Amino acid sequence: MVFADVFERLREQHGSQESWWPAESAFEIMVGALLVQRTTWRNAAAAIERLRAGRQLTAERLARIETAALSKLIRSAGFFRVKAARLQKLAQFVLSVGGIDALKRLPTDELRTQLLELPGVGAETADAILGYAFERPVLVVDAYTRRLFTRLAHPLPAPTDTGLKEDAIAALGSTQRLNEFHALVIAHGQRCCSPKPSCERCTLKQICGWDRDRQTRLA
DNA sequence: CACCAGGGTGGTT
DNA sequence: AACCACCATGGT
């Protein structure tokens with residue numbers, strides 16, 4: 001109930017979010033999911049464009065390039081040394097299983113388990129890859145999602161990640177709607193509910209939970 | 001100048 | 001299980 005309601009109201013406020021994660025292949029989305037960690041999409045996209053321009057945006061090339069050379073290409077995404085090593089592990093993994101097409105045939109649970117074994121792939125990145133690269137019906141729970149639903153629940157306890165995922169899948173159903181929901185939550189978090197002042201500028205305060213706030217720190 | 005961005009990991013209490 | 005430091009660039 002809550003999810004479908006929030007979804008509609010976020011859409012009213014921010015508009016539909018189609019093709020929010022632009023990419024030309026599933027592999028490119030996997031690369032982007034690692035590069036965007038704790039950075040802006042702008043900086044991650046610049047790194048992807050440098051990889052593309054250098055013709056390194058394939059599993060074959062990323063698996064073979066020197067780590068130092070790779071880290072220079074992705075410099076703009078930050079944490080470039082750790083991310084370079086992680087990208088190479090990802091590329092090697094894709095090659096070892098027989099390519100992206102082999103991964104597309106795996107059941108969602110099994111695919112998720114294998115993704116989580118990769119260095120640098122935690123719950124959020126795994127779900128982003130599942131949802132956007134492989135179009136599986138999952139919810140990406142990130143810091144924006146937790147903040148929003150913690151505020152909505154206030155003063156009740158914050159919902160758990162697994163609870164949010166189950167409810168979202170039950171309420172929204174399709175991969176397309178789940179992905180758009182995630183995009184809407186981020187658009188809302190970026191344009192409206194900033195971390196610190198807690199929704200001073202929000203035009204739909206009911207969504208942020210600002211109107212039910214009791215001077216408590218909600219971030 | 002401080003703060004933040006579409007996290008994950010390893011170590012400490 | 002809850003914290004903590006660390007990774008590092010680029011925009012505001």
# chains A, B, ... in the order shown; residues from 1 in each chain; ligands from 1
>>> select_by_dssp(residues="stretch 16-209 of chain A", states="helix (DSSP H, G or I)", output="number ranges by chain")
A: 26-35, 41-53, 59-64, 67-73, 75-77, 80-96, 100-104, 108-116, 123-133, 143-153, 161-172, 175-191, 205-208
>>> interface_residues(of="chain B", to="chain A", cutoff="12 Å", atoms="only C-alpha atoms (C1' of nucleotides)", output="short mmCIF file (atom, residue, chain, number, x, y, z; two decimals) with C-alpha atoms (C1' of nucleotides), in the first residue's frame")
data_model
loop_
_atom_site.label_atom_id
_atom_site.label_comp_id
_atom_site.auth_asym_id
_atom_site.auth_seq_id
_atom_site.Cartn_x
_atom_site.Cartn_y
_atom_site.Cartn_z
"C1'" DC B 3 30.85 18.76 3.01
"C1'" DC B 4 28.96 15.37 0.01
"C1'" DA B 5 28.34 11.86 -3.74
"C1'" DG B 6 23.57 6.24 -6.90
"C1'" DG B 7 29.43 1.56 -1.14
"C1'" DG B 8 32.42 -1.99 0.32
"C1'" DT B 9 35.94 -3.86 3.24
#
>>> residues_around(residues="stretch 1-4 of chain C", least_positions_apart="6", cutoff="10 Å", atoms="only C-alpha atoms (C1' of nucleotides)", output="list in words")
DG11, DT12 and DT13 of chain B
>>> write_last_selection(atoms="N, CA and C atoms (P, O5', C5', C4', C3', O3' and C1' of nucleotides)", output="compact mmCIF listing (two decimals), in the first residue's frame")
# COMPACT_ATOMS: atom_id res chain seq x y z
P DG B 11 41.84 -7.30 8.49
O5' DG B 11 41.74 -6.34 9.75
C5' DG B 11 42.38 -5.06 9.74
C4' DG B 11 41.82 -4.23 10.88
C3' DG B 11 41.90 -4.92 12.24
O3' DG B 11 42.56 -4.08 13.17
C1' DG B 11 39.71 -4.09 11.83
P DT B 12 42.91 -4.58 14.62
O5' DT B 12 41.85 -3.84 15.56
C5' DT B 12 41.64 -2.44 15.41
C4' DT B 12 40.46 -2.01 16.28
C3' DT B 12 40.44 -2.62 17.68
O3' DT B 12 40.34 -1.58 18.65
C1' DT B 12 38.31 -2.83 16.64
P DT B 13 40.44 -1.89 20.23
O5' DT B 13 38.93 -1.83 20.74
C5' DT B 13 38.22 -0.59 20.74
C4' DT B 13 36.73 -0.85 21.06
C3' DT B 13 36.48 -1.54 22.39
O3' DT B 13 35.62 -0.73 23.19
C1' DT B 13 35.21 -2.56 20.64
>>> interface_residues(of="chain A", to="chain C", cutoff="7 Å", atoms="only C-alpha atoms (C1' of nucleotides)", output="ChimeraX atom specification")
/A:75-79
>>> atom_distance(atom1="atom CA of A:Thr108", atom2="atom CA of A:Leu130")
7.5 Å
>>> residues_around(residues="A:Val2", least_positions_apart="2", cutoff="10 Å", atoms="only C-alpha atoms (C1' of nucleotides)", output="PyMOL selection string")
chain A and resi 4-7+152+167-168+171
>>> write_last_selection(atoms="N, CA and C atoms", output="mmCIF file, in the first residue's frame")
data_model
loop_
_atom_site.group_PDB
_atom_site.id
_atom_site.type_symbol
_atom_site.label_atom_id
_atom_site.label_comp_id
_atom_site.auth_asym_id
_atom_site.auth_seq_id
_atom_site.Cartn_x
_atom_site.Cartn_y
_atom_site.Cartn_z
ATOM 1 N N ALA A 4 3.025 1.776 -3.333
ATOM 2 C CA ALA A 4 2.307 2.247 -4.518
ATOM 3 C C ALA A 4 1.939 3.718 -4.368
ATOM 4 N N ASP A 5 1.588 4.110 -3.153
ATOM 5 C CA ASP A 5 1.232 5.498 -2.888
ATOM 6 C C ASP A 5 2.434 6.423 -3.045
ATOM 7 N N VAL A 6 3.543 6.041 -2.425
ATOM 8 C CA VAL A 6 4.756 6.861 -2.517
ATOM 9 C C VAL A 6 5.225 6.943 -3.969
ATOM 10 N N PHE A 7 5.128 5.836 -4.665
ATOM 11 C CA PHE A 7 5.540 5.811 -6.070
ATOM 12 C C PHE A 7 4.784 6.861 -6.880
ATOM 13 N N LEU A 152 9.559 8.289 6.867
ATOM 14 C CA LEU A 152 8.143 7.934 6.742
ATOM 15 C C LEU A 152 7.669 7.121 7.938
ATOM 16 N N ASP A 167 8.381 -5.731 0.415
ATOM 17 C CA ASP A 167 7.192 -4.905 0.232
ATOM 18 C C ASP A 167 7.176 -4.253 -1.149
ATOM 19 N N ALA A 168 8.338 -3.804 -1.584
ATOM 20 C CA ALA A 168 8.406 -3.130 -2.881
ATOM 21 C C ALA A 168 8.082 -4.092 -4.013
ATOM 22 N N ALA A 171 4.412 -4.770 -4.014
ATOM 23 C CA ALA A 171 3.554 -3.640 -4.382
ATOM 24 C C ALA A 171 3.772 -3.199 -5.824
#
>>> residues_around(residues="A:Ile100", least_positions_apart="5", cutoff="8 Å", atoms="only C-alpha atoms (C1' of nucleotides)", output="PDB file with C-alpha atoms, in the first residue's frame")
ATOM      1  CA  ALA A  26      24.662  -5.358 -19.632  1.00  0.00           C
ATOM      2  CA  PHE A  27      28.396  -5.451 -19.091  1.00  0.00           C
ATOM      3  CA  VAL A  94      32.395 -12.738 -16.679  1.00  0.00           C
TER       4      VAL A  94
END
>>> atom_distance(atom1="atom CA of A:Gln176", atom2="atom CA of A:Pro22")
14.0 Å
>>> decode(residues="chain C", atoms="N, CA and C atoms (P, O5', C5', C4', C3', O3' and C1' of nucleotides)", output="short mmCIF file (atom, residue, chain, number, x, y, z; two decimals), in the first residue's frame")
data_model
loop_
_atom_site.label_atom_id
_atom_site.label_comp_id
_atom_site.auth_asym_id
_atom_site.auth_seq_id
_atom_site.Cartn_x
_atom_site.Cartn_y
_atom_site.Cartn_z
P DA C 1 24.32 -10.38 14.20
"O5'" DA C 1 24.50 -9.00 14.93
"C5'" DA C 1 23.52 -8.51 15.83
"C4'" DA C 1 24.03 -7.17 16.36
"C3'" DA C 1 24.07 -6.10 15.27
"O3'" DA C 1 23.58 -4.87 15.79
"C1'" DA C 1 26.23 -6.39 16.25
P DA C 2 23.27 -3.62 14.85
"O5'" DA C 2 24.26 -2.52 15.45
"C5'" DA C 2 24.27 -2.27 16.84
"C4'" DA C 2 25.51 -1.47 17.20
"C3'" DA C 2 25.68 -0.23 16.32
"O3'" DA C 2 26.03 0.86 17.16
"C1'" DA C 2 27.63 -1.58 16.21
P DC C 3 26.01 2.34 16.56
"O5'" DC C 3 27.34 2.37 15.69
"C5'" DC C 3 28.18 3.46 15.84
"C4'" DC C 3 29.62 3.01 16.13
"C3'" DC C 3 30.63 3.86 15.34
"O3'" DC C 3 31.46 4.55 16.26
"C1'" DC C 3 31.13 1.52 15.17
P DC C 4 32.08 5.97 15.82
"O5'" DC C 4 33.37 5.51 15.00
"C5'" DC C 4 34.36 4.73 15.63
"C4'" DC C 4 35.41 4.28 14.62
"C3'" DC C 4 35.69 5.31 13.53
"O3'" DC C 4 36.97 5.89 13.74
"C1'" DC C 4 35.51 3.06 12.65
P DA C 5 37.38 7.16 12.82
"O5'" DA C 5 38.37 6.44 11.80
"C5'" DA C 5 39.30 5.48 12.28
"C4'" DA C 5 40.09 4.91 11.12
"C3'" DA C 5 40.53 5.96 10.08
"O3'" DA C 5 41.82 5.62 9.62
"C1'" DA C 5 39.07 4.37 9.06
P DC C 6 42.54 6.65 8.61
"O5'" DC C 6 42.29 5.95 7.20
"C5'" DC C 6 42.66 4.58 7.02
"C4'" DC C 6 42.03 4.06 5.75
"C3'" DC C 6 42.15 5.03 4.56
"O3'" DC C 6 43.18 4.56 3.71
"C1'" DC C 6 40.04 3.89 4.66
P DC C 7 43.80 5.51 2.60
"O5'" DC C 7 42.99 5.12 1.27
"C5'" DC C 7 43.02 3.77 0.80
"C4'" DC C 7 41.87 3.58 -0.16
"C3'" DC C 7 41.83 4.65 -1.27
"O3'" DC C 7 41.75 4.01 -2.52
"C1'" DC C 7 39.71 4.34 -0.29
P DA C 8 42.52 4.52 -3.72
"O5'" DA C 8 41.80 5.97 -3.88
"C5'" DA C 8 42.51 7.16 -3.73
"C4'" DA C 8 41.80 8.22 -4.54
"C3'" DA C 8 42.37 9.63 -4.40
"O3'" DA C 8 42.11 10.27 -5.63
"C1'" DA C 8 40.16 9.64 -3.65
P DT C 9 42.83 11.65 -6.03
"O5'" DT C 9 41.87 12.19 -7.17
"C5'" DT C 9 41.33 11.27 -8.13
"C4'" DT C 9 39.92 11.70 -8.48
"C3'" DT C 9 39.81 13.18 -8.88
"O3'" DT C 9 39.19 13.24 -10.16
"C1'" DT C 9 38.17 12.60 -7.27
P DG C 10 39.26 14.60 -11.00
"O5'" DG C 10 37.89 15.32 -10.64
"C5'" DG C 10 36.68 14.68 -10.98
"C4'" DG C 10 35.51 15.47 -10.46
"C3'" DG C 10 35.62 16.98 -10.67
"O3'" DG C 10 34.33 17.47 -11.01
"C1'" DG C 10 35.26 16.54 -8.41
P DG C 11 34.13 18.86 -11.72
"O5'" DG C 11 32.83 19.44 -11.03
"C5'" DG C 11 31.67 18.63 -10.92
"C4'" DG C 11 30.86 19.07 -9.71
"C3'" DG C 11 30.58 20.57 -9.65
"O3'" DG C 11 29.19 20.77 -9.52
"C1'" DG C 11 31.45 19.78 -7.58
P DT C 12 28.55 22.23 -9.65
"O5'" DT C 12 28.33 22.62 -8.12
"C5'" DT C 12 27.53 21.79 -7.30
"C4'" DT C 12 27.51 22.33 -5.88
"C3'" DT C 12 27.33 23.84 -5.77
"O3'" DT C 12 26.29 24.13 -4.86
"C1'" DT C 12 29.16 23.13 -4.46
#
